[in-house]
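Next comes start00.cif, a file with mmCIF, C-alpha atoms.
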data_coords
#
loop_
_atom_site.label_atom_id
_atom_site.label_comp_id
_atom_site.auth_asym_id
_atom_site.auth_seq_id
_atom_site.Cartn_x
_atom_site.Cartn_y
_atom_site.Cartn_z
CA MET A 1166 51.86 55.16 35.10
CA MET A 1167 52.85 52.67 32.40
CA ASN A 1168 55.72 53.71 30.24
CA GLN A 1169 55.46 53.57 26.45
CA PHE A 1170 57.45 50.34 26.19
CA GLU A 1171 55.21 48.47 28.66
CA ALA A 1172 52.12 49.66 26.89
CA ARG A 1173 53.43 48.45 23.54
CA GLU A 1174 54.43 45.08 24.99
CA ARG A 1175 51.04 44.63 26.62
CA GLY A 1176 49.38 45.51 23.30
CA ARG A 1177 51.50 42.96 21.46
CA SER A 1178 50.70 40.28 24.01
CA HIS A 1179 46.99 41.02 23.74
CA THR A 1180 47.11 40.81 19.91
CA PHE A 1181 49.03 37.53 20.20
CA HIS A 1182 46.37 36.08 22.52
CA LEU A 1183 43.59 37.13 20.24
CA THR A 1184 45.25 35.62 17.14
CA HIS A 1185 46.00 32.43 19.07
CA LEU A 1186 42.41 32.18 20.22
CA THR A 1187 41.10 32.71 16.69
CA HIS A 1188 43.36 29.95 15.37
CA LEU A 1189 42.30 27.57 18.09
CA THR A 1190 38.64 28.30 17.45
CA MET A 1191 39.11 27.67 13.74
CA ILE A 1192 40.97 24.40 14.36
CA PHE A 1193 38.31 23.17 16.79
CA GLY A 1194 35.59 24.25 14.36
CA LEU A 1195 37.19 22.30 11.54
CA LEU A 1196 37.73 19.29 13.77
CA ALA A 1197 34.07 19.41 14.83
CA LEU A 1198 32.99 19.66 11.19
CA VAL A 1199 35.18 16.72 10.15
CA ALA A 1200 34.04 14.73 13.17
CA GLY A 1201 30.44 15.57 12.29
CA CYS A 1202 30.90 14.33 8.73
CA THR A 1203 32.67 11.13 9.62
CA THR A 1204 30.20 10.08 12.33
CA LEU A 1205 27.18 10.01 9.94
CA ASP A 1206 25.99 6.42 9.92
CA PRO A 1207 24.53 5.27 6.56
CA SER A 1208 23.27 1.94 7.93
CA SER A 1209 19.65 3.10 8.41
CA VAL A 1210 19.55 4.28 4.78
CA GLU A 1211 21.13 1.04 3.59
CA THR A 1212 18.56 -1.01 5.51
CA ALA A 1213 15.71 1.07 4.09
CA ARG A 1214 17.16 0.70 0.59
CA ASP A 1215 17.31 -3.10 1.04
CA VAL A 1216 13.71 -3.26 2.30
CA VAL A 1217 12.39 -1.09 -0.54
CA SER A 1218 14.26 -2.92 -3.30
CA ALA A 1219 13.45 -6.38 -1.86
CA SER A 1220 9.75 -5.45 -1.86
CA ARG A 1221 9.89 -4.19 -5.44
CA ASP A 1222 12.21 -6.82 -6.95
CA GLY A 1223 10.53 -9.69 -5.12
CA GLY A 1224 7.20 -8.71 -6.66
CA LEU A 1225 5.75 -8.26 -3.18
CA VAL A 1226 4.18 -4.91 -3.97
CA ASP A 1227 2.39 -3.00 -6.65
CA SER A 1228 5.13 -0.48 -7.38
CA ASP A 1229 2.53 2.06 -8.54
CA SER A 1230 0.71 1.99 -5.22
CA LEU A 1231 0.62 5.19 -3.18
CA ASP A 1232 2.28 3.51 -0.20
CA PHE A 1233 5.18 2.21 -2.23
CA ARG A 1234 5.68 5.56 -3.94
CA GLU A 1235 5.73 7.13 -0.48
CA ALA A 1236 8.40 4.60 0.57
CA GLU A 1237 10.51 5.55 -2.45
CA ARG A 1238 10.04 9.25 -1.74
CA HIS A 1239 11.23 8.91 1.87
CA LEU A 1240 14.18 6.77 0.76
CA ALA A 1241 15.22 9.41 -1.80
CA GLU A 1242 14.93 12.06 0.90
CA ALA A 1243 17.06 10.01 3.32
CA GLU A 1244 19.70 9.52 0.61
CA ARG A 1245 19.74 13.23 -0.17
CA MET A 1246 20.08 14.13 3.50
CA LEU A 1247 22.93 11.65 3.89
CA ASP A 1248 24.75 13.14 0.88
CA GLU A 1249 24.29 16.68 2.15
CA GLY A 1250 25.40 15.83 5.70
CA TYR A 1251 22.16 16.43 7.55
CA GLN A 1252 21.72 15.47 11.20
CA GLN A 1253 21.78 11.71 11.79
CA GLU A 1254 18.43 11.87 13.55
CA LEU A 1255 16.73 13.36 10.48
CA ILE A 1256 18.32 10.84 8.13
CA ASP A 1257 17.26 7.95 10.38
CA HIS A 1258 13.73 9.29 10.53
CA GLU A 1259 13.37 9.42 6.74
CA ALA A 1260 14.95 5.95 6.39
CA GLU A 1261 12.60 4.52 9.01
CA MET A 1262 9.61 6.07 7.25
CA ALA A 1263 10.75 4.51 3.95
CA GLY A 1264 10.95 1.06 5.57
CA LEU A 1265 7.57 1.42 7.27
CA TYR A 1266 5.83 2.55 4.09
CA ALA A 1267 7.34 -0.39 2.20
CA GLU A 1268 5.92 -2.71 4.89
CA VAL A 1269 2.50 -1.05 4.52
CA ALA A 1270 2.68 -1.54 0.73
CA VAL A 1271 3.57 -5.24 1.12
CA ALA A 1272 0.78 -5.88 3.66
CA ARG A 1273 -1.80 -4.12 1.45
CA THR A 1274 -0.68 -6.06 -1.65
CA GLU A 1275 -0.97 -9.34 0.27
CA ALA A 1276 -4.41 -8.33 1.51
CA ILE A 1277 -5.58 -7.60 -2.05
CA ALA A 1278 -4.21 -10.94 -3.29
CA ALA A 1279 -5.87 -12.87 -0.44
CA LYS A 1280 -9.19 -11.12 -1.12
CA ALA A 1281 -9.00 -11.98 -4.83
CA GLU A 1282 -8.20 -15.63 -4.06
CA ALA A 1283 -11.05 -15.78 -1.55
CA GLY A 1284 -13.35 -14.36 -4.22
CA ALA A 1285 -12.33 -17.09 -6.68
CA TYR A 1286 -13.02 -19.83 -4.10
CA THR A 1287 -16.37 -18.28 -3.29
CA ASP A 1288 -17.30 -18.21 -6.99
CA ARG A 1289 -16.36 -21.88 -7.36
CA ALA A 1290 -18.41 -22.73 -4.27
CA ARG A 1291 -21.36 -20.86 -5.77
CA THR A 1292 -21.03 -22.79 -9.04
CA ASP A 1293 -20.83 -26.09 -7.16
CA THR A 1294 -23.86 -25.17 -5.12
CA ALA A 1295 -25.80 -24.24 -8.25
CA VAL A 1296 -24.85 -27.54 -9.90
CA THR A 1297 -25.83 -29.43 -6.76
CA ARG A 1298 -29.20 -27.70 -6.76
CA VAL A 1299 -29.76 -28.63 -10.41
CA ALA A 1300 -28.67 -32.20 -9.75
CA VAL A 1301 -31.03 -32.56 -6.82
CA GLU A 1302 -33.88 -31.14 -8.89
CA ILE A 1303 -33.07 -33.48 -11.75
CA ALA A 1304 -32.87 -36.43 -9.41
CA ILE A 1305 -36.25 -35.65 -7.92
CA GLN A 1306 -38.20 -34.67 -11.02
CA ASN A 1307 -36.64 -36.23 -14.08
CA ALA A 1308 -34.55 -39.24 -13.25
CA ARG A 1309 -37.29 -41.75 -14.01
CA SER A 1310 -38.66 -40.06 -17.11
CA VAL A 1311 -35.60 -40.40 -19.36
CA ASP A 1312 -34.67 -43.74 -20.87
CA ALA A 1313 -31.13 -44.23 -19.57
CA LYS A 1314 -28.74 -47.11 -19.22
CA GLN A 1315 -25.15 -47.54 -18.11
CA THR A 1316 -22.78 -48.93 -20.73
CA GLY A 1317 -19.03 -49.42 -21.08
CA ARG A 1318 -18.68 -45.97 -22.65
CA GLY A 1319 -20.86 -44.20 -20.08
CA LEU A 1320 -24.47 -43.31 -19.42
CA VAL A 1321 -26.64 -43.61 -22.57
CA LEU A 1322 -29.82 -41.52 -22.73
CA THR A 1323 -32.13 -42.39 -25.62
CA LEU A 1324 -34.45 -39.83 -27.18
CA GLY A 1325 -37.24 -41.56 -29.11
CA GLY A 1326 -38.73 -41.06 -32.58
CA VAL A 1327 -41.17 -38.29 -31.63
CA LEU A 1328 -38.33 -35.76 -31.67
CA PHE A 1329 -38.53 -35.11 -35.41
CA ASP A 1330 -41.09 -35.21 -38.21
CA SER A 1331 -40.51 -37.88 -40.81
CA ASP A 1332 -37.65 -37.07 -43.20
CA SER A 1333 -36.85 -33.85 -41.29
CA ALA A 1334 -34.15 -32.56 -38.95
CA ASN A 1335 -36.41 -29.89 -37.35
CA LEU A 1336 -36.93 -30.51 -33.64
CA LYS A 1337 -40.57 -30.80 -32.49
CA THR A 1338 -41.83 -29.06 -29.33
CA GLU A 1339 -42.06 -32.39 -27.47
CA GLY A 1340 -38.49 -33.04 -28.59
CA ARG A 1341 -37.33 -29.79 -26.98
CA LEU A 1342 -38.76 -30.90 -23.62
CA SER A 1343 -36.73 -34.12 -23.80
CA VAL A 1344 -33.63 -32.15 -24.74
CA ALA A 1345 -34.19 -29.83 -21.72
CA ARG A 1346 -34.18 -32.87 -19.41
CA VAL A 1347 -30.97 -34.16 -20.94
CA ALA A 1348 -29.44 -30.70 -20.59
CA GLY A 1349 -30.24 -30.95 -16.86
CA PHE A 1350 -28.21 -34.17 -16.63
CA LEU A 1351 -25.31 -32.65 -18.51
CA ILE A 1352 -25.28 -29.58 -16.28
CA ALA A 1353 -25.38 -31.79 -13.19
CA LEU A 1354 -22.58 -34.01 -14.49
CA ASN A 1355 -20.54 -31.02 -15.56
CA ASP A 1356 -17.17 -32.78 -15.64
CA ARG A 1357 -18.30 -35.18 -18.40
CA ASP A 1358 -18.19 -34.85 -22.18
CA ALA A 1359 -20.99 -36.26 -24.32
CA VAL A 1360 -21.42 -37.75 -27.79
CA ILE A 1361 -24.73 -37.19 -29.59
CA GLU A 1362 -25.39 -40.03 -31.98
CA GLY A 1363 -28.06 -39.83 -34.66
CA HIS A 1364 -29.54 -43.16 -35.97
CA ALA A 1365 -32.03 -43.97 -38.75
CA ASP A 1366 -34.08 -46.97 -39.88
CA SER A 1367 -33.06 -48.78 -43.00
CA THR A 1368 -35.75 -47.28 -45.23
CA GLY A 1369 -34.37 -45.40 -48.26
CA ASN A 1370 -30.89 -44.56 -49.42
CA ALA A 1371 -28.13 -45.48 -46.94
CA GLU A 1372 -26.02 -42.41 -47.71
CA TYR A 1373 -29.04 -40.14 -47.29
CA ASN A 1374 -29.86 -41.82 -43.96
CA VAL A 1375 -26.34 -41.09 -42.66
CA LYS A 1376 -26.69 -37.46 -43.72
CA LEU A 1377 -30.15 -37.08 -42.11
CA SER A 1378 -29.09 -38.76 -38.86
CA ALA A 1379 -26.05 -36.45 -38.70
CA GLN A 1380 -28.27 -33.38 -39.19
CA ARG A 1381 -30.61 -34.58 -36.41
CA ALA A 1382 -27.65 -35.13 -34.04
CA GLU A 1383 -26.43 -31.61 -34.81
CA THR A 1384 -29.90 -30.19 -34.13
CA ILE A 1385 -29.88 -31.85 -30.70
CA ARG A 1386 -26.39 -30.55 -30.00
CA ASP A 1387 -27.48 -27.00 -30.89
CA ALA A 1388 -30.54 -27.32 -28.64
CA LEU A 1389 -28.38 -28.51 -25.74
CA VAL A 1390 -26.10 -25.51 -26.22
CA GLU A 1391 -29.20 -23.30 -26.10
CA PHE A 1392 -29.93 -24.90 -22.70
CA ASP A 1393 -26.49 -23.74 -21.43
CA VAL A 1394 -24.48 -26.90 -22.02
CA SER A 1395 -20.97 -25.96 -23.10
CA ASP A 1396 -20.37 -26.51 -26.82
CA ASP A 1397 -16.87 -27.94 -26.34
CA ARG A 1398 -18.22 -30.85 -24.27
CA LEU A 1399 -20.36 -32.09 -27.16
CA VAL A 1400 -19.69 -34.00 -30.40
CA ALA A 1401 -22.45 -34.85 -32.91
CA GLU A 1402 -22.24 -37.93 -35.19
CA GLY A 1403 -24.60 -39.49 -37.76
CA TYR A 1404 -24.57 -43.30 -38.13
CA GLY A 1405 -27.56 -43.87 -40.47
CA ALA A 1406 -28.94 -47.40 -40.13
CA ASN A 1407 -25.65 -48.96 -39.13
CA PHE A 1408 -26.51 -49.58 -35.44
CA PRO A 1409 -30.11 -50.80 -35.19
CA ILE A 1410 -31.56 -51.71 -31.77
CA ALA A 1411 -34.66 -53.42 -33.18
CA SER A 1412 -35.83 -55.15 -36.38
CA ASN A 1413 -36.28 -52.91 -39.43
CA ASP A 1414 -38.95 -55.33 -40.71
CA THR A 1415 -41.75 -53.97 -38.54
CA PRO A 1416 -43.06 -50.39 -38.16
CA GLU A 1417 -42.49 -50.58 -34.35
CA GLY A 1418 -38.92 -51.75 -34.84
CA ARG A 1419 -38.18 -49.01 -37.37
CA GLU A 1420 -39.61 -46.39 -34.96
CA GLN A 1421 -37.22 -47.65 -32.28
CA ASN A 1422 -34.32 -47.46 -34.66
CA ARG A 1423 -35.10 -43.81 -35.58
CA ARG A 1424 -33.52 -42.32 -32.49
CA VAL A 1425 -30.87 -40.01 -31.05
CA GLU A 1426 -28.67 -41.36 -28.28
CA ILE A 1427 -26.71 -39.10 -25.97
CA VAL A 1428 -23.76 -40.85 -24.40
CA ILE A 1429 -22.56 -39.08 -21.26
CA LEU A 1430 -19.03 -40.38 -21.26
CA ARG A 1431 -17.26 -41.89 -18.28
CA PRO A 1432 -14.86 -39.54 -16.45
CA GLY A 1433 -11.60 -39.24 -18.36
CA LEU A 1434 -13.12 -39.99 -21.80
CA SER A 1435 -13.28 -36.98 -24.07
CA ALA A 1436 -15.94 -36.30 -26.71
CA SER A 1437 -13.38 -35.88 -29.48
CA ASP A 1438 -12.08 -39.46 -29.19
CA ALA A 1439 -15.24 -41.34 -28.27
CA HIS A 1440 -16.53 -42.25 -31.73
CA ARG A 1441 -17.96 -45.70 -32.33
CA MET B 1074 24.58 65.37 14.52
CA MET B 1075 25.84 62.58 16.82
CA LYS B 1076 22.52 62.49 18.65
CA THR B 1077 20.52 62.11 15.42
CA SER B 1078 22.55 59.16 14.10
CA PHE B 1079 22.37 57.46 17.53
CA ARG B 1080 18.57 57.76 17.46
CA THR B 1081 18.36 56.46 13.88
CA GLY B 1082 20.56 53.50 14.81
CA ARG B 1083 18.37 52.70 17.79
CA ARG B 1084 15.26 52.92 15.62
CA ILE B 1085 16.74 50.59 13.02
CA CYS B 1086 17.74 48.14 15.74
CA THR B 1087 14.22 48.18 17.16
CA ILE B 1088 12.68 47.57 13.73
CA VAL B 1089 15.11 44.72 13.00
CA LEU B 1090 14.41 43.17 16.40
CA LEU B 1091 10.66 43.43 15.93
CA ALA B 1092 10.89 41.93 12.45
CA ALA B 1093 13.00 39.07 13.78
CA MET B 1094 10.55 38.43 16.60
CA LEU B 1095 7.62 38.45 14.19
CA THR B 1096 9.41 36.06 11.81
CA LEU B 1097 10.27 33.70 14.65
CA GLY B 1098 6.72 33.90 15.94
CA ALA B 1099 5.33 33.15 12.48
CA CYS B 1100 7.68 30.19 12.09
CA ALA B 1101 6.69 28.86 15.48
CA THR B 1102 2.98 29.23 14.68
CA ARG B 1103 3.41 27.54 11.29
CA SER B 1104 5.31 24.69 12.88
CA LYS B 1105 2.61 24.40 15.52
CA ILE B 1106 -0.11 24.26 12.84
CA THR B 1107 1.79 21.63 10.79
CA ALA B 1108 2.38 19.52 13.90
CA SER B 1109 -1.26 19.75 14.96
CA ASN B 1110 -2.34 18.75 11.44
CA GLU B 1111 -0.02 15.74 11.57
CA ILE B 1112 -1.34 14.84 15.02
CA ALA B 1113 -4.95 15.08 13.83
CA THR B 1114 -4.15 12.88 10.80
CA ALA B 1115 -2.44 10.32 13.01
CA GLU B 1116 -5.42 10.31 15.41
CA PHE B 1117 -7.73 9.65 12.48
CA ALA B 1118 -5.48 6.85 11.17
CA ILE B 1119 -5.44 5.19 14.61
CA ARG B 1120 -9.25 5.33 14.81
CA ASP B 1121 -9.42 3.90 11.28
CA ALA B 1122 -6.97 1.09 12.15
CA ARG B 1123 -8.99 0.21 15.25
CA ALA B 1124 -12.22 0.18 13.22
CA ASN B 1125 -10.58 -2.22 10.75
CA GLY B 1126 -9.69 -4.79 13.39
CA ALA B 1127 -6.14 -3.71 14.32
CA GLU B 1128 -6.92 -4.47 17.97
CA THR B 1129 -7.44 -8.10 17.02
CA TYR B 1130 -4.78 -8.59 14.34
CA SER B 1131 -2.08 -5.98 15.01
CA LEU B 1132 -2.33 -4.90 18.64
CA GLU B 1133 1.40 -4.31 19.13
CA ARG B 1134 1.71 -2.02 16.10
CA LEU B 1135 -1.42 -0.15 17.12
CA GLY B 1136 0.07 0.33 20.61
CA GLN B 1137 3.25 1.72 19.05
CA ALA B 1138 1.23 4.20 17.01
CA GLU B 1139 -0.64 5.34 20.11
CA ALA B 1140 2.58 5.74 22.14
CA LEU B 1141 4.17 7.79 19.35
CA LEU B 1142 1.08 9.96 19.11
CA GLU B 1143 1.24 10.65 22.84
CA GLU B 1144 4.93 11.58 22.49
CA ALA B 1145 4.05 13.88 19.59
CA ARG B 1146 1.48 15.64 21.76
CA GLN B 1147 4.11 16.25 24.44
CA ALA B 1148 6.78 17.41 21.97
CA SER B 1149 6.87 20.60 19.94
CA GLY B 1150 7.96 21.89 16.55
CA ALA B 1151 9.67 19.65 14.05
CA GLU B 1152 10.11 16.88 16.64
CA ALA B 1153 6.34 16.78 17.18
CA GLU B 1154 5.83 16.60 13.41
CA ARG B 1155 8.24 13.70 13.04
CA LEU B 1156 6.67 11.77 15.91
CA ALA B 1157 3.18 12.36 14.57
CA GLU B 1158 4.28 11.27 11.10
CA LYS B 1159 5.75 8.09 12.57
CA ALA B 1160 2.53 7.49 14.55
CA LEU B 1161 0.56 7.90 11.32
CA VAL B 1162 2.54 5.33 9.32
CA ASN B 1163 2.50 2.87 12.25
CA ALA B 1164 -1.28 3.21 12.39
CA GLN B 1165 -1.46 2.65 8.61
CA LEU B 1166 0.71 -0.44 8.98
CA ALA B 1167 -1.53 -1.74 11.78
CA ALA B 1168 -4.55 -1.21 9.52
CA ALA B 1169 -2.87 -2.90 6.53
CA VAL B 1170 -1.80 -5.91 8.63
CA ALA B 1171 -5.35 -6.16 10.01
CA GLU B 1172 -6.73 -5.99 6.46
CA ARG B 1173 -4.33 -8.73 5.31
CA GLU B 1174 -5.09 -11.03 8.26
CA GLY B 1175 -8.83 -10.47 7.82
CA ALA B 1176 -8.51 -11.34 4.12
CA LYS B 1177 -6.54 -14.50 4.98
CA LYS B 1178 -9.30 -15.54 7.37
CA GLN B 1179 -11.87 -14.87 4.66
CA LEU B 1180 -9.76 -16.94 2.24
CA ALA B 1181 -9.66 -19.88 4.65
CA ALA B 1182 -13.44 -19.69 5.07
CA SER B 1183 -13.96 -19.54 1.29
CA GLN B 1184 -11.66 -22.54 0.75
CA LYS B 1185 -13.63 -24.53 3.32
CA MET B 1186 -16.94 -23.50 1.74
CA GLU B 1187 -15.67 -24.43 -1.73
CA SER B 1188 -14.42 -27.79 -0.52
CA GLU B 1189 -17.75 -28.57 1.16
CA ALA B 1190 -19.78 -27.41 -1.84
CA GLY B 1191 -17.56 -29.49 -4.15
CA ALA B 1192 -18.01 -32.58 -1.99
CA LEU B 1193 -21.77 -32.06 -1.90
CA ARG B 1194 -21.86 -31.63 -5.68
CA GLU B 1195 -19.93 -34.87 -6.18
CA ARG B 1196 -22.17 -36.81 -3.80
CA THR B 1197 -25.30 -35.44 -5.47
CA THR B 1198 -24.19 -36.12 -9.03
CA GLU B 1199 -23.10 -39.62 -8.01
CA ALA B 1200 -26.55 -40.13 -6.53
CA VAL B 1201 -28.13 -39.03 -9.83
CA GLU B 1202 -26.00 -41.54 -11.73
CA GLU B 1203 -26.70 -44.26 -9.20
CA ARG B 1204 -30.41 -43.70 -9.62
CA LEU B 1205 -30.11 -44.01 -13.39
CA ARG B 1206 -28.29 -47.34 -13.31
#

This structure in structure tokens:
Amino acid sequence: MMNQFEARERGRSHTFHLTHLTHLTMIFGLLALVAGCTTLDPSSVETARDVVSASRDGGLVDSDSLDFREAERHLAEAERMLDEGYQQELIDHEAEMAGLYAEVAVARTEAIAAKAEAGAYTDRARTDTAVTRVAVEIAIQNARSVDAKQTGRGLVLTLGGVLFDSDSANLKTEGRLSVARVAGFLIALNDRDAVIEGHADSTGNAEYNVKLSAQRAETIRDALVEFDVSDDRLVAEGYGANFPIASNDTPEGREQNRRVEIVILRPGLSASDAHR
Amino acid sequence: MMKTSFRTGRRICTIVLLAAMLTLGACATRSKITASNEIATAEFAIRDARANGAETYSLERLGQAEALLEEARQASGAEAERLAEKALVNAQLAAAVAEREGAKKQLAASQKMESEAGALRERTTEAVEERLR
């Protein structure tokens, strides 16, 4: 039988052990908690942050794209988990997802850009092919039927006196056919500007002749524009009787002088500075 | 009196235990459903990537996606979800890389076509001029 003293001592010792154990458990618990907090590695989050901001700031992505928004969402989640002391594995997962989604966003943006560029090249190729087709057609059908000669300024195509009625700037039907042929040349030689020069014979008032020849040149320019020649490649001028190519003393000569010449300028010469 | 409160206590314990088991079961089922949804989505993304030429342009990334998907199938719960999610984004990356490489190839072809068409246009227009001289 245990006496009262022994029993009390044993009780005290037991209480002491229990208290000691509780303290130890608490200390180890705290140490584990502190150790847990200090061992969290932020490097995966930092890497993801760098990848995401480099993609955005470098203009490598459309920042409104779903993929990039997903990258930002995962990055925010990784940052939150890091702040709140989540498991390293979970933080790393979110950070890795952020990086991967940023890569997806970059690849998709590059794909879209490459497709757009390819589309532009294809369009240019189509235009070139269309021009080539027109040029071939012109070469086959019309090359011999237009009066053309090479000069210092460029290729000069002459449209004869049947274009207009006497004392009029209204284009005749036959005139429109000639203009259509010239339009074909201008479309084929699409890197060249052209000057449309109206000329008259010496009959009548000189000032009036300049005015009429200018109106006729403008009529031809308008007709060329109707046949899809770009307006900004063309300049119309009226010279009256100042540049005859034949004698004004005979009816035949005067008919030759009543003309419109279209000068397809040499490469590098622009219509705005190619006046006579 | 003692007997009654002992019985009540036992009953309460049983109810609490059952409720806990049901909750755990529900959680496990939900997790299983979420993981299987993620796995199905990843499977679809891998098929999509393959259909878009990932085998040609991004074989390594596609392989990674497939390996992660297999791991997700073997795993369970949240781990399975994470692996499936990673498989999904790897498959999306494989598809995006394939799309980009395909577009670059298309760009090179378009540049070549444009260059050839331009050269042909120049030769033809020169021939027209030559004929007019």

Residues matched by the PyMOL selection byres ((chain B and resi 1155) around 10), written as a PyMOL selection string: (chain A and resi 1255+1258-1259+1262) or (chain B and resi 1108+1111-1112+1141+1145+1148-1154+1156-1161)

Selection: 8 Å around segment 1416-1433 of chain A, only C-alpha atoms, excl. self and same-chain fewer than 2 positions, as a PyMOL selection string: chain A and resi 1318-1326+1351+1356-1367+1381-1382+1406+1409-1414+1435-1436

Matched chain/residue IDs from the PyMOL selection byres ((chain B) within 7 of (chain A)), as an MDAnalysis selection string: chainID B and resid 1159 1162 1165:1166 1169:1170 1172:1173 1176:1177 1179:1180 1183:1184 1186:1187 1190:1191 1193:1194 1197:1198 1201 1205:1206

Matched chain/residue IDs from the PyMOL selection byres ((chain B and resi 1135) around 12), as a PyMOL selection string: chain B and resi 1115-1116+1118-1134+1136-1142+1159-1171

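Coordinates place atom CA of Thr1114 of chain B at a distance of 28.8 Å from atom CA of Glu1211 of chain A.
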
I'd like the box whose edges run along x, y and z of the file and which contains every listed atom of segment 1121-1128 of chain B, padded by 5 Å per side; could you state its centre and edge lengths in Å, one decimal, as lines of an AutoDock Vina configuration file?
center_x = -9.2
center_y = -0.4
center_z = 14.4
size_x = 16.1
size_y = 18.7
size_z = 17.2

Residues within 12 Å of (-27.8, -23.7, -24.2), file coords, all atoms listed in the file, listed as JSON, numbers by chain: {"A": [1341, 1344, 1345, 1347, 1348, 1349, 1351, 1352, 1385, 1386, 1387, 1388, 1389, 1390, 1391, 1392, 1393, 1394, 1395, 1396, 1397, 1398, 1399]}

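In this comparison, which uses all atoms listed in the file, the residue of A:Thr1368, A:Ser1378, A:Gln1252, A:Asn1335 approaching Thr1204 of chain A most closely is A:Gln1252.
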
Length of the atom CA of Arg1238 of chain A to atom CA of Glu1174 of chain B vector [Å]: 27.2 Å

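The space between atom CA of Ser1230 of chain A and atom CA of Gly1264 of chain A spans 14.9 Å.
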
For Glu1237 of chain A, the nearest of the candidates A:Val1375, A:Ala1334, A:Ala1260, A:Leu1225, counting only C-alpha atoms: A:Ala1260
